[in-house]
Each structure stands twice: as structure tokens, then as C-alpha cells.
>>> print(open('data_8.cif').read())   # mmCIF, C-alpha atoms
data_protein
loop_
_atom_site.label_atom_id
_atom_site.label_comp_id
_atom_site.auth_asym_id
_atom_site.auth_seq_id
_atom_site.Cartn_x
_atom_site.Cartn_y
_atom_site.Cartn_z
CA MET A 228 -17.95 -7.19 5.51
CA THR A 229 -19.06 -6.88 1.87
CA VAL A 230 -16.95 -4.29 0.12
CA ILE A 231 -18.33 -4.40 -3.41
CA ALA A 232 -21.60 -5.76 -4.72
CA PRO A 233 -21.24 -9.53 -5.24
CA ASN A 234 -21.91 -9.25 -8.97
CA ALA A 235 -18.74 -7.16 -9.31
CA ILE A 236 -16.77 -10.42 -9.52
CA ASP A 237 -16.84 -12.43 -12.73
CA ARG A 238 -16.94 -15.89 -11.20
CA SER A 239 -16.44 -17.51 -14.61
CA ALA A 240 -12.93 -16.02 -14.73
CA LEU A 241 -11.89 -17.57 -11.43
CA LEU A 242 -10.09 -20.85 -10.92
CA PRO A 243 -11.71 -23.61 -8.86
CA ALA A 244 -11.39 -23.06 -5.13
CA SER A 245 -10.51 -26.76 -4.86
CA LEU A 246 -6.98 -25.87 -6.01
CA ARG A 247 -6.38 -24.57 -2.48
CA ASP A 248 -6.48 -28.16 -1.22
CA ASP A 249 -3.14 -28.73 -2.98
CA PHE A 250 -1.42 -26.18 -0.70
CA PRO A 251 -1.05 -27.49 2.86
CA ILE A 252 0.13 -24.18 4.30
CA LEU A 253 -3.14 -22.46 3.39
CA SER A 254 -4.89 -24.41 6.14
CA GLU A 255 -2.59 -22.90 8.77
CA HIS A 256 -3.64 -20.28 11.31
CA VAL A 257 -1.48 -17.31 12.20
CA ALA A 258 -1.40 -14.55 14.83
CA GLY A 259 -4.52 -14.50 16.97
CA GLY A 260 -5.72 -17.79 15.51
CA HIS A 261 -6.76 -16.22 12.22
CA PRO A 262 -6.81 -18.40 9.09
CA LEU A 263 -3.84 -17.51 6.90
CA ILE A 264 -4.59 -15.19 4.00
CA PHE A 265 -1.41 -15.11 1.96
CA LEU A 266 -1.19 -11.99 -0.22
CA ASP A 267 2.60 -11.72 -0.49
CA ASN A 268 2.99 -13.76 -3.66
CA ALA A 269 5.10 -11.20 -5.51
CA ALA A 270 7.80 -11.84 -2.90
CA SER A 271 7.49 -15.63 -2.92
CA THR A 272 4.66 -18.08 -3.54
CA GLN A 273 3.56 -21.13 -1.61
CA ARG A 274 4.15 -24.68 -2.84
CA PRO A 275 1.59 -27.30 -3.76
CA ARG A 276 1.81 -30.82 -2.42
CA GLN A 277 3.02 -32.00 -5.84
CA VAL A 278 6.18 -29.87 -5.56
CA ILE A 279 6.75 -30.78 -1.92
CA ASP A 280 6.47 -34.46 -2.79
CA ALA A 281 8.85 -34.10 -5.73
CA VAL A 282 11.49 -32.48 -3.53
CA SER A 283 11.13 -34.95 -0.66
CA GLY A 284 11.10 -37.83 -3.14
CA VAL A 285 14.54 -36.88 -4.46
CA TYR A 286 16.00 -36.73 -0.95
CA GLU A 287 14.33 -39.99 0.04
CA ARG A 288 15.10 -42.10 -3.05
CA THR A 289 17.41 -40.68 -5.71
CA TYR A 290 19.69 -37.90 -4.41
CA ALA A 291 23.36 -37.75 -5.39
CA ASN A 292 25.58 -35.19 -7.07
CA VAL A 293 25.06 -34.90 -10.81
CA HIS A 294 27.41 -35.48 -13.73
CA ARG A 295 30.10 -36.86 -11.42
CA GLY A 296 29.41 -40.43 -10.49
CA ILE A 297 29.17 -43.67 -12.42
CA HIS A 298 26.66 -45.16 -10.04
CA THR A 299 22.90 -45.53 -9.96
CA LEU A 300 21.93 -42.59 -7.77
CA SER A 301 24.16 -40.13 -9.64
CA GLU A 302 22.72 -41.30 -12.93
CA LEU A 303 19.16 -40.95 -11.63
CA SER A 304 19.80 -37.46 -10.21
CA THR A 305 21.50 -36.38 -13.44
CA GLU A 306 18.57 -37.64 -15.49
CA GLN A 307 16.06 -35.74 -13.32
CA TYR A 308 18.18 -32.59 -13.29
CA GLU A 309 18.60 -32.49 -17.06
CA HIS A 310 14.93 -33.32 -17.54
CA ALA A 311 14.19 -30.20 -15.48
CA ARG A 312 16.30 -28.20 -17.94
CA GLN A 313 14.28 -29.57 -20.84
CA LYS A 314 11.08 -28.74 -18.96
CA VAL A 315 12.19 -25.10 -18.63
CA GLN A 316 13.19 -25.05 -22.30
CA ALA A 317 9.67 -26.03 -23.31
CA PHE A 318 8.09 -23.69 -20.74
CA ILE A 319 9.64 -20.60 -22.37
CA ASN A 320 9.93 -22.10 -25.89
CA ALA A 321 13.71 -21.85 -26.13
CA GLU A 322 15.25 -23.35 -29.25
CA HIS A 323 17.98 -25.35 -27.47
CA PHE A 324 18.09 -27.02 -24.05
CA HIS A 325 21.65 -25.75 -23.53
CA GLU A 326 20.36 -22.17 -23.72
CA ILE A 327 18.93 -22.80 -20.24
CA ILE A 328 21.36 -22.00 -17.44
CA PHE A 329 20.39 -22.88 -13.88
CA THR A 330 21.36 -20.20 -11.36
CA SER A 331 20.44 -19.42 -7.76
CA GLY A 332 17.74 -16.95 -8.82
CA THR A 333 16.90 -13.94 -10.97
CA THR A 334 19.51 -11.81 -9.22
CA ASP A 335 22.24 -14.33 -10.01
CA SER A 336 21.07 -14.57 -13.62
CA ILE A 337 21.20 -10.81 -14.19
CA ASN A 338 24.58 -10.51 -12.48
CA THR A 339 25.94 -13.23 -14.76
CA VAL A 340 24.98 -11.22 -17.85
CA ALA A 341 26.25 -7.93 -16.41
CA ARG A 342 29.58 -9.48 -15.42
CA SER A 343 30.13 -11.75 -18.41
CA TRP A 344 28.57 -9.97 -21.38
CA GLY A 345 28.90 -6.51 -19.84
CA ASP A 346 32.58 -6.67 -18.96
CA ALA A 347 33.46 -8.22 -22.32
CA ASN A 348 31.45 -5.84 -24.51
CA LEU A 349 30.79 -2.49 -22.83
CA ARG A 350 33.22 0.35 -23.51
CA PRO A 351 33.49 3.93 -22.22
CA GLY A 352 30.61 5.98 -23.57
CA ASP A 353 28.42 3.00 -24.43
CA GLU A 354 24.93 3.34 -23.02
CA VAL A 355 22.81 0.85 -21.08
CA LEU A 356 19.12 1.70 -21.06
CA LEU A 357 17.13 0.80 -17.93
CA THR A 358 13.82 2.04 -16.49
CA VAL A 359 12.96 3.82 -13.25
CA MET A 360 10.68 0.94 -12.24
CA GLU A 361 13.42 -1.70 -12.13
CA HIS A 362 14.02 -3.93 -9.12
CA HIS A 363 17.38 -3.30 -7.47
CA SER A 364 18.53 -6.60 -9.00
CA ASN A 365 18.23 -5.03 -12.44
CA LEU A 366 19.77 -1.73 -11.38
CA VAL A 367 22.76 -2.45 -9.14
CA PRO A 368 24.51 -5.00 -11.43
CA TRP A 369 24.44 -2.45 -14.26
CA GLN A 370 25.66 0.33 -11.96
CA GLN A 371 28.57 -1.93 -11.08
CA ALA A 372 29.17 -2.77 -14.75
CA ALA A 373 29.15 0.92 -15.64
CA ALA A 374 31.69 1.63 -12.91
CA ARG A 375 33.97 -1.10 -14.27
CA THR A 376 33.64 -0.32 -17.97
CA GLY A 377 32.91 3.40 -18.24
CA ALA A 378 29.48 2.78 -19.76
CA VAL A 379 26.69 5.29 -19.16
CA LEU A 380 23.30 4.39 -17.66
CA LYS A 381 20.07 5.96 -18.93
CA HIS A 382 16.65 5.47 -17.35
CA VAL A 383 13.27 5.50 -19.07
CA PRO A 384 10.69 7.44 -16.98
CA ILE A 385 7.08 6.49 -16.34
CA THR A 386 3.86 8.30 -17.16
CA ASP A 387 1.61 9.82 -14.51
CA ASP A 388 -0.44 6.63 -14.36
CA GLY A 389 2.59 4.38 -13.82
CA ARG A 390 3.15 3.03 -17.33
CA LEU A 391 6.45 3.07 -19.18
CA ASP A 392 6.88 6.29 -21.17
CA MET A 393 7.47 4.86 -24.64
CA GLU A 394 7.96 8.31 -26.21
CA ALA A 395 10.84 8.86 -23.81
CA PHE A 396 12.11 5.35 -24.60
CA ASP A 397 12.25 6.25 -28.29
CA GLN A 398 14.24 9.39 -27.50
CA LEU A 399 16.68 7.65 -25.14
CA LEU A 400 17.31 4.75 -27.51
CA THR A 401 20.16 5.85 -29.77
CA LYS A 402 23.06 4.40 -31.72
CA ARG A 403 25.08 4.62 -28.49
CA THR A 404 22.68 2.21 -26.74
CA LYS A 405 24.34 -1.19 -26.54
CA PHE A 406 22.04 -2.90 -24.05
CA VAL A 407 18.48 -2.61 -22.75
CA ALA A 408 17.54 -4.25 -19.42
CA VAL A 409 13.85 -4.06 -18.53
CA THR A 410 11.33 -5.78 -16.31
CA GLU A 411 8.29 -7.28 -18.01
CA VAL A 412 6.14 -6.62 -14.94
CA SER A 413 6.87 -4.07 -12.21
CA ASN A 414 6.95 -5.69 -8.78
CA THR A 415 5.66 -2.44 -7.22
CA LEU A 416 3.29 -0.95 -9.80
CA GLY A 417 2.08 -4.17 -11.38
CA THR A 418 2.58 -2.53 -14.79
CA ILE A 419 2.89 -4.91 -17.73
CA ASN A 420 5.46 -3.49 -20.12
CA PRO A 421 5.27 -3.89 -23.94
CA ILE A 422 8.23 -6.24 -24.27
CA ALA A 423 7.69 -7.16 -27.92
CA GLU A 424 7.72 -3.49 -28.90
CA ILE A 425 10.77 -2.76 -26.74
CA VAL A 426 12.73 -5.68 -28.19
CA ALA A 427 11.89 -4.77 -31.78
CA LYS A 428 12.95 -1.15 -31.32
CA ALA A 429 16.12 -2.08 -29.44
CA HIS A 430 17.19 -4.57 -32.10
CA ALA A 431 16.52 -2.01 -34.83
CA ALA A 432 18.93 0.29 -32.99
CA GLY A 433 21.55 -2.47 -32.69
CA ALA A 434 21.08 -3.12 -28.95
CA LEU A 435 20.60 -6.37 -27.08
CA VAL A 436 17.78 -6.90 -24.55
CA LEU A 437 17.56 -8.62 -21.19
CA VAL A 438 14.09 -9.15 -19.73
CA ASP A 439 13.60 -9.53 -15.98
CA ALA A 440 10.71 -12.01 -15.99
CA ALA A 441 10.62 -12.69 -12.24
CA GLN A 442 7.12 -11.18 -12.00
CA SER A 443 5.85 -12.33 -15.40
CA ALA A 444 6.98 -15.92 -15.99
CA PRO A 445 4.83 -17.22 -13.08
CA HIS A 446 1.74 -15.44 -14.37
CA LEU A 447 1.88 -14.99 -18.16
CA PRO A 448 2.85 -17.28 -21.03
CA THR A 449 6.47 -16.66 -22.07
CA ASP A 450 7.81 -17.34 -25.57
CA VAL A 451 11.40 -16.20 -25.94
CA ARG A 452 11.47 -16.97 -29.65
CA ALA A 453 8.30 -15.05 -30.42
CA LEU A 454 9.55 -12.09 -28.37
CA ASP A 455 13.09 -12.49 -29.81
CA VAL A 456 14.62 -11.59 -26.44
CA ASP A 457 18.37 -12.03 -26.10
CA PHE A 458 18.39 -12.86 -22.37
CA LEU A 459 15.61 -13.67 -19.91
CA ALA A 460 15.80 -14.26 -16.15
CA PHE A 461 13.34 -15.63 -13.60
CA SER A 462 13.15 -17.53 -10.29
CA GLY A 463 11.62 -20.79 -9.13
CA HIS A 464 10.33 -19.56 -5.76
CA LYS A 465 7.96 -17.04 -7.35
CA MET A 466 6.25 -19.76 -9.42
CA LEU A 467 5.38 -22.44 -6.84
CA GLY A 468 8.89 -23.91 -6.88
CA PRO A 469 11.68 -24.08 -4.29
CA SER A 470 13.95 -21.19 -3.43
CA GLY A 471 17.59 -21.38 -4.48
CA VAL A 472 17.00 -21.96 -8.19
CA GLY A 473 16.62 -19.54 -11.07
CA VAL A 474 16.95 -19.52 -14.81
CA LEU A 475 19.06 -17.55 -17.22
CA TYR A 476 18.02 -17.98 -20.84
CA GLY A 477 20.37 -16.65 -23.49
CA LYS A 478 20.59 -17.08 -27.22
CA GLU A 479 23.14 -19.75 -28.04
CA ALA A 480 25.48 -17.49 -30.04
CA LEU A 481 25.59 -14.92 -27.24
CA LEU A 482 26.26 -17.45 -24.49
CA ASP A 483 28.93 -19.14 -26.59
CA ALA A 484 30.77 -15.84 -27.04
CA MET A 485 30.59 -14.85 -23.35
CA PRO A 486 33.39 -15.77 -20.94
CA PRO A 487 32.35 -17.82 -17.90
CA PHE A 488 31.43 -15.71 -14.87
CA LEU A 489 32.33 -18.12 -12.03
CA GLY A 490 35.25 -20.52 -11.94
CA GLY A 491 35.47 -23.94 -10.34
CA GLY A 492 34.27 -27.46 -10.86
CA SER A 493 31.95 -28.46 -13.71
CA MET A 494 32.53 -25.34 -15.82
CA ILE A 495 35.84 -26.55 -17.24
CA ASN A 496 36.94 -28.70 -20.12
CA GLU A 497 40.59 -28.89 -19.08
CA VAL A 498 42.59 -27.32 -16.25
CA LYS A 499 46.35 -26.84 -16.01
CA LEU A 500 48.23 -25.01 -13.29
CA ASP A 501 48.34 -21.76 -15.27
CA ARG A 502 45.26 -21.89 -17.48
CA PHE A 503 41.96 -23.60 -18.26
CA THR A 504 39.53 -24.09 -21.08
CA SER A 505 35.82 -23.78 -20.35
CA ALA A 506 33.21 -26.44 -20.90
CA ALA A 507 30.49 -26.24 -23.50
CA LEU A 508 27.05 -24.86 -22.69
CA PRO A 509 25.30 -25.06 -20.31
CA ALA A 510 28.04 -26.30 -17.93
CA LYS A 511 30.16 -23.27 -18.82
CA PHE A 512 27.98 -21.10 -16.55
CA GLU A 513 27.17 -23.68 -13.86
CA ALA A 514 30.28 -23.74 -11.70
CA GLY A 515 30.24 -25.94 -8.62
CA THR A 516 27.44 -28.17 -7.44
CA PRO A 517 24.27 -26.88 -9.12
CA PRO A 518 20.84 -26.47 -7.49
CA ILE A 519 19.95 -30.11 -8.10
CA VAL A 520 16.88 -30.62 -5.94
CA PRO A 521 15.50 -27.06 -6.39
CA ALA A 522 15.69 -27.51 -10.17
CA ILE A 523 13.81 -30.80 -9.96
CA GLY A 524 11.23 -29.12 -7.72
CA MET A 525 10.94 -26.30 -10.23
CA SER A 526 10.20 -28.88 -12.91
CA ALA A 527 7.29 -30.15 -10.82
CA ALA A 528 6.07 -26.57 -10.38
CA ILE A 529 6.07 -26.09 -14.15
CA ASP A 530 4.02 -29.27 -14.50
CA TYR A 531 1.50 -27.86 -12.04
CA LEU A 532 1.30 -24.45 -13.74
CA GLU A 533 0.87 -26.00 -17.16
CA GLN A 534 -1.87 -28.29 -15.89
CA VAL A 535 -3.80 -25.29 -14.52
CA GLY A 536 -2.89 -23.11 -17.52
CA LEU A 537 -1.08 -19.77 -17.41
CA ALA A 538 -3.83 -18.05 -19.39
CA ALA A 539 -6.38 -19.21 -16.80
CA ILE A 540 -4.08 -18.07 -13.97
CA HIS A 541 -3.77 -14.64 -15.56
CA ARG A 542 -7.56 -14.29 -15.91
CA HIS A 543 -8.03 -15.29 -12.27
CA GLU A 544 -5.44 -12.79 -11.03
CA ARG A 545 -6.74 -9.98 -13.20
CA GLU A 546 -10.24 -10.44 -11.84
CA LEU A 547 -9.04 -10.41 -8.23
CA THR A 548 -6.85 -7.39 -8.98
CA ARG A 549 -9.72 -5.47 -10.55
CA TYR A 550 -11.93 -6.33 -7.58
CA ALA A 551 -9.28 -5.18 -5.09
CA TYR A 552 -8.44 -2.06 -7.11
CA GLU A 553 -12.08 -0.92 -7.25
CA ALA A 554 -12.58 -1.58 -3.54
CA LEU A 555 -9.39 0.21 -2.49
CA SER A 556 -10.31 3.13 -4.76
CA GLN A 557 -13.34 3.75 -2.56
CA ILE A 558 -11.25 4.31 0.57
CA GLU A 559 -10.72 7.94 1.41
CA GLY A 560 -7.10 9.05 1.60
CA LEU A 561 -5.68 5.92 0.01
CA ARG A 562 -3.37 6.27 -3.01
CA ILE A 563 -3.03 3.32 -5.36
CA LEU A 564 0.32 3.13 -7.14
CA GLY A 565 0.43 2.27 -10.82
CA PRO A 566 -2.02 1.99 -13.69
CA SER A 567 -5.64 0.90 -13.91
CA PRO A 568 -6.37 -2.86 -13.86
CA GLU A 569 -6.26 -3.39 -17.62
CA TYR A 570 -2.56 -2.45 -17.68
CA ARG A 571 -1.39 -4.43 -14.66
CA THR A 572 -0.96 -7.96 -13.42
CA GLY A 573 -1.96 -9.46 -10.06
CA LEU A 574 -0.82 -6.96 -7.47
CA VAL A 575 -1.91 -3.67 -5.94
CA SER A 576 0.40 -1.37 -3.96
CA PHE A 577 -0.95 1.58 -2.02
CA SER A 578 0.01 4.24 0.51
CA PHE A 579 -1.49 6.72 2.99
CA ASP A 580 0.06 10.06 3.80
CA ARG A 581 -0.09 9.61 7.60
CA ILE A 582 0.10 5.86 8.09
CA HIS A 583 3.34 3.98 7.47
CA ALA A 584 3.22 0.81 5.40
CA HIS A 585 4.71 -1.19 8.27
CA GLU A 586 1.79 -0.22 10.50
CA PHE A 587 -0.62 -1.48 7.86
CA ALA A 588 1.20 -4.77 7.48
CA GLN A 589 1.47 -5.35 11.24
CA VAL A 590 -2.22 -4.77 11.93
CA LEU A 591 -3.34 -6.73 8.87
CA ASN A 592 -1.29 -9.70 10.05
CA ASP A 593 -2.01 -9.55 13.78
CA GLN A 594 -5.73 -8.74 13.66
CA PHE A 595 -6.86 -10.14 10.31
CA GLY A 596 -4.39 -12.88 9.38
CA VAL A 597 -3.57 -11.13 6.12
CA ALA A 598 0.05 -11.38 4.95
CA VAL A 599 1.09 -8.44 2.75
CA ARG A 600 4.40 -6.78 1.94
CA ALA A 601 5.48 -3.45 3.40
CA GLY A 602 8.51 -1.36 2.41
CA HIS A 603 10.12 -0.16 -0.78
CA HIS A 604 9.99 -3.64 -2.40
CA CYS A 605 13.58 -3.25 -3.64
CA THR A 606 12.52 -0.29 -5.77
CA GLN A 607 13.85 2.64 -3.76
CA PRO A 608 14.41 4.93 -6.78
CA LEU A 609 10.82 4.38 -7.89
CA HIS A 610 9.46 5.14 -4.43
CA THR A 611 11.57 8.29 -4.27
CA LEU A 612 10.17 9.34 -7.63
CA LEU A 613 6.64 8.77 -6.30
CA GLY A 614 7.42 10.90 -3.23
CA ILE A 615 7.08 8.11 -0.67
CA THR A 616 9.49 5.94 1.31
CA ALA A 617 7.35 2.80 1.47
CA SER A 618 4.11 1.25 0.34
CA THR A 619 1.89 -1.70 1.20
CA ARG A 620 1.60 -4.38 -1.47
CA ALA A 621 -1.05 -7.07 -1.82
CA SER A 622 -0.22 -9.60 -4.51
CA PHE A 623 -2.41 -12.45 -5.70
CA TYR A 624 -1.92 -15.89 -7.16
CA LEU A 625 -3.95 -18.83 -8.37
CA TYR A 626 -5.07 -19.93 -4.87
CA ASN A 627 -6.43 -16.57 -3.64
CA THR A 628 -10.16 -15.84 -3.47
CA PRO A 629 -12.56 -12.86 -3.55
CA GLU A 630 -13.34 -13.52 0.12
CA GLU A 631 -9.67 -12.97 0.93
CA VAL A 632 -9.79 -9.66 -0.92
CA ASP A 633 -12.81 -8.70 1.18
CA ARG A 634 -10.82 -9.49 4.33
CA LEU A 635 -7.95 -7.34 3.05
CA ILE A 636 -10.26 -4.38 2.49
CA GLU A 637 -11.88 -4.85 5.87
CA GLY A 638 -8.45 -4.74 7.43
CA VAL A 639 -7.37 -1.65 5.49
CA VAL A 640 -10.49 0.23 6.59
CA ALA A 641 -9.86 -0.85 10.20
CA VAL A 642 -6.27 0.41 10.09
CA GLN A 643 -7.40 3.70 8.60
CA GLU A 644 -9.95 4.19 11.36
CA MET A 645 -7.48 3.10 14.03
CA PHE A 646 -5.03 5.84 13.03
CA ALA A 647 -7.62 8.53 12.30
CA PRO A 648 -7.30 11.76 14.36
CA LYS A 649 -9.07 11.52 17.70
CA GLY A 650 -12.76 12.33 17.41
CA ARG A 651 -12.69 11.86 13.65
CA HIS A 652 -13.29 8.69 11.69
CA ARG A 653 -12.37 8.39 8.06
CA LYS A 654 -14.73 6.51 5.85
CA ARG A 655 -14.85 4.87 2.48
CA ARG A 656 -15.94 7.12 -0.32
CA LYS A 657 -19.29 6.24 -1.77
CA PRO A 658 -19.05 4.89 -5.31
CA ASP A 659 -20.67 8.04 -6.76
CA GLU A 660 -18.33 10.48 -5.01
#
>>> encode(input="data_8.cif", output="C-alpha cells")
Amino acid sequence: MTVIAPNAIDRSALLPASLRDDFPILSEHVAGGHPLIFLDNAASTQRPRQVIDAVSGVYERTYANVHRGIHTLSELSTEQYEHARQKVQAFINAEHFHEIIFTSGTTDSINTVARSWGDANLRPGDEVLLTVMEHHSNLVPWQQAAARTGAVLKHVPITDDGRLDMEAFDQLLTKRTKFVAVTEVSNTLGTINPIAEIVAKAHAAGALVLVDAAQSAPHLPTDVRALDVDFLAFSGHKMLGPSGVGVLYGKEALLDAMPPFLGGGSMINEVKLDRFTSAALPAKFEAGTPPIVPAIGMSAAIDYLEQVGLAAIHRHERELTRYAYEALSQIEGLRILGPSPEYRTGLVSFSFDRIHAHEFAQVLNDQFGVAVRAGHHCTQPLHTLLGITASTRASFYLYNTPEEVDRLIEGVVAVQEMFAPKGRHRKRRKPDE
């Protein structure tokens, strides 16, 4: 089924289809024997053979606990683990390698800042500025911090087309604002927020800024020094790496001044029965056995992304997103969430009034082999604001193709017709309607 004229795709903006050969899982078949079409990349991406080999190689040849053994395997694991830290440092252009804290994921990273910096610095009446498009992981930790400290939460609204309302941001940002926590890319709307502008305005008002980069670091170049962000958080599993590892970047002076969040092994300098002194960065925030193998796998994922090029990945995703957006826009009764393609990254969420998102996802998987996300995507307040309980989300990455978008659209049309009132078939709007 051809959804849009073939010349609607700019083939020069697409990555080589041969990249798909690096991803073994893409050759799998799913329900009904359909070839897998994986469009759930905003939740978690697939891994190339290079990452799989890096992970298995550690377990087969070099694995041991790090920083704790004066023997060959421990030294090799420590070297690989700390090399991964340096790789992340270069990936986001941090000034110091010890500004890179390995965590279990973006959620863990944000909670560390909310618990450590928040509890030490927020006072009753201080304001934390969030947005209505935040993932629960950048809402709940600050709700908990506010409950502990007496701080007040404010939320920046969105415009009718799903972009951040910067006029409202300017009004909400006051001398009482001590902290701004904002996503760079909405995991539901796809909106790309103006982080440089937000950081500059927040700093001018005397506030610090944390950027949730879970949906941006895998897709867009990130330069923490150019942006001047104070904290930045992202996850390995959304950027071709293993699950179980994330990154918290923080400016050295801020991390130095923050008390450790978790207590235990590795994060100490000296322990007595009634007190302890914490270790220097980055160990101060890495209590217990760290995510050794996931971090090494994440390093291999960064190598892969840099070889392909984040700018090229972004062009590829934007072209697929535009193609999907224009095709979905032709379907009668379908509502696309968020802004037009020029203001979004590689995902499209949509809803129908009479068809639940779960029904879409089930049929797309069972009858078309298309894996999408259905639900509130951990953005319940945003969905409530939009007047819906759930949406269907298709999200793209470097290995997806226009043909897979065509299959998605074919499936969406089939679901729409399947649930149409008896005796009536909905149809796609003609382009000139």
C-alpha cells in the first residue's frame, strides 16, 4: 500500500539500509509470522552486533569487580569501565571525566539530584519550575522534594500546537525560582525545547537547570558546555546500549558541594562506627557495585553512534517523521499530538476518539508486525491536559525505513476500518480536503 507519492521522501537524507544488518533482532518474525517492524524506540532501542559483542566479550574474557582487586581481571575491568566514563565525557563535551556519574538510568540520575541537591538547598517557599510535558521521572522526584522541603512547584504550560509556552516561562521564572527541570525532547509530543534559551534565562534569574536528555542524547548532538547546563541525565538503553546504566552529568563545583545520596561501599573515604567521610568524585555518587558491563556496552554504543553521526541520524529521523506525519494527517478522525515536523524529533503520537490506543497497538502487532507504544507514556498529566487517557506512539531510529512507515499507515487505516460503525467505512482524507 503506497500512502504518499514516492517523491515525498528525500532519499538523500536517509541513512544506508545496510545499517540494519548490524541489528540481529531486525531479522526476527513476530506474531503471525510477520517481519518485525520496531517502532517503539522512544521506550528502548535495539542493539547492534558491536554492542552485543562488547558486552559478551567482557563476560567471556575480562569481567571482575572494579576498583577492588589487585589482579589482572579487576585491573582490566576497571580500565574498561573508566574508559567508558571518558567516552561519555567526550560524547557530551564535559570538562572533567569526574563530572560523569554512572547511575542505573535517567530516573536514578534525576532522583539523585532531587535528593542530594534538593534536600540540601531547597527551603520553604523556594520554587522549582517544571513543565506540563515532563515524564513522570522528572515530576515525581520534585514532588517528593517539595513535600520534604516545603518548596513550591510551578509548571510551564504548552501552546495549542504542543510547544513550550515561552511567554508563560518568562512570567513563571522569578527571583523565587531556585531550580528548573525540563526535558529537551518530549517523549509524547516529540517537541524539541529551546534548551539554550531556557538555561540562559534561568541563570539570569539565579536558578540552576537540570535537563532530561533521555529523548535527545540518542538523537541530537549534546554539548553541556555550550549549553551551560548544570545537570544533565540520560540512559544507555535508549541509545543502542544495555539497560541498567544511565548518566548524571553535573558541574564539578555543584557535585562537590552536594552530599552523597546513597551510602555503602565505594562512596567512602573513611568509615568509623559513628561517622564517615565521602570519597572524591565520581565515586562519591557511585555506591555499591556499579553497572560495570552496561557502562562498557554503552561505550560501544557511543562508538557506533559517532561512527554513523548524530547529525545524520537526526536528518534520517526527521525525514521519516515528516513522512509519517503527512500520511497520518490524511486519515480521517485521527488526531496527531504535538507540533508540526519542523519542531519535533523522531516520533509521532496520535489518538482516535472511539478507538483505544491499546486496540491500535494489539492489531498493529498481531496483524502487521508493527511494534508501537500504547498508553500514557509516563506523562499522565499531559494526557489529562490533552483530554485523553492514552495515545499510540510510533518512534523511529536510525534503522527504520520508509517502507516500515508505509506498513504502519496501512495498519492504522485497517484498524480504523475494523472499528468503524457497521455499514460505514472511514477513509483517508484526500490531500486537497
>>> closest_residue(input="data_8.cif", among="A:Ala641, A:Glu322, A:Glu631, A:Ala372", to="A:Leu263", atoms="all atoms listed in the file")
A:Glu631
>>> atom_distance(input="data_8.cif", atom1="atom CA of A:Gly473", atom2="atom CA of A:Ala460")
7.4 Å
>>> resolve_selection(input="data_8.cif", expression="the PyMOL selection byres ((chain A and resi 359-365) around 9)", output="PyMOL selection string")
chain A and resi 333-335+337-338+357-358+366-369+382-385+389+391+408-410+413-416+439+604-610+612
>>> residues_near_point(input="data_8.cif", point="(-0.7, -10.6, -12.2)", cutoff="12 Å", atoms="only C-alpha atoms", output="ChimeraX atom specification")
/A:268-269,411-419,441-448,465-466,537-549,568-575,621-625,627
>>> axis_aligned_box(input="data_8.cif", around="stretch 467-472 of chain A", padding_each_side="4 Å", output="JSON")
{"center_x": 11.5, "center_y": -22.6, "center_z": -5.8, "size_x": 20.2, "size_y": 10.9, "size_z": 12.8}
>>> resolve_selection(input="data_8.cif", expression="the PyMOL selection byres ((chain A and resi 509) around 10)", output="number ranges by chain")
A: 312, 324-329, 479, 482-483, 493-494, 506-508, 510-513
>>> closest_residue(input="data_8.cif", among="A:Gln589, A:Gln307, A:Ser283, A:Gln316", to="A:Tyr476", atoms="only C-alpha atoms")
A:Gln316
>>> resolve_selection(input="data_8.cif", expression="the PyMOL selection byres ((chain A and resi 286-288) around 12)", output="list of chain:residue names")
A:Ile279, A:Asp280, A:Ala281, A:Val282, A:Ser283, A:Gly284, A:Val285, A:Thr289, A:Tyr290, A:Ala291, A:Asn292, A:Thr299, A:Leu300, A:Ser301, A:Leu303, A:Ser304, A:Ile519, A:Val520, A:Pro521, A:Ile523, A:Gly524
>>> atom_distance(input="data_8.cif", atom1="atom CA of A:Trp344", atom2="atom CA of A:Arg403")
16.6 Å
